[in-house]
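Peer 1: The structure's right below; bear with me while I get my questions together.
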Amino acid sequence: MVFQFKGELQFLINKAQNGQKEDVDYIMSCLTIESSLATTRYVDFALSLIEPNSNGFERIKYYLFNGTLIQRNYASLYLNRLGEWKPVKEAFEKGLN
């Protein structure tokens with residue numbers, strides 16, 4: 001059985017599955033200091049759907065070095081889950097934690 005999500009979560013899933021630079025930009029734009037807990041969980045789930053070695057993957061690495069603190073945290077979480085520790089270590093060594 002395939003479950004179809006609705007609303008904001010489904011919209012973020014669609015963006016993640018498309019996986020282009022502008023899609024990641026939209027997903028990351030949802031991460032602000034005003035983001036609800038639900039939104040942060042939706043973003044985390046959506047990011048997990050972005051394929052490694054895709055345009056979206058490269059854009060997430062961009063946010064690791066250039067995003068806001070919360071965006072960097074979620075980029076780091078995504079990369080750590082994939083075992084991509086080298087860029088995370090590099091960001092940490094640059095003081096971007």
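Residues are referred to by chain and number: the chain letter is A, B, ... according to the order shown in the structure tokens, the number counts from 1 in that chain, and ligands are numbered separately from 1 in the order shown.
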Counting only C-alpha atoms, what is within 10 Å of Leu82 in chain A, bar same-chain residues fewer than 4 positions away, as a VMD selection string?
Peer 2: chain A and resid 48 52 76 to 78
Peer 1: Would you mind listing what lies within 12 Å of range 23-28 of chain A as an MDAnalysis selection string, with only C-alpha atoms counted and same-chain residues fewer than 3 positions away left out?
Peer 2: chainID A and resid 8:20 31:32 35 39:51 54:64 66:75
Peer 1: Return as number ranges by chain the full set of residues in chain A whose backbone-based DSSP assignment is alpha helix (DSSP H).
Peer 2: A: 7-18, 21-29, 37-48, 55-66, 69-81, 85-93
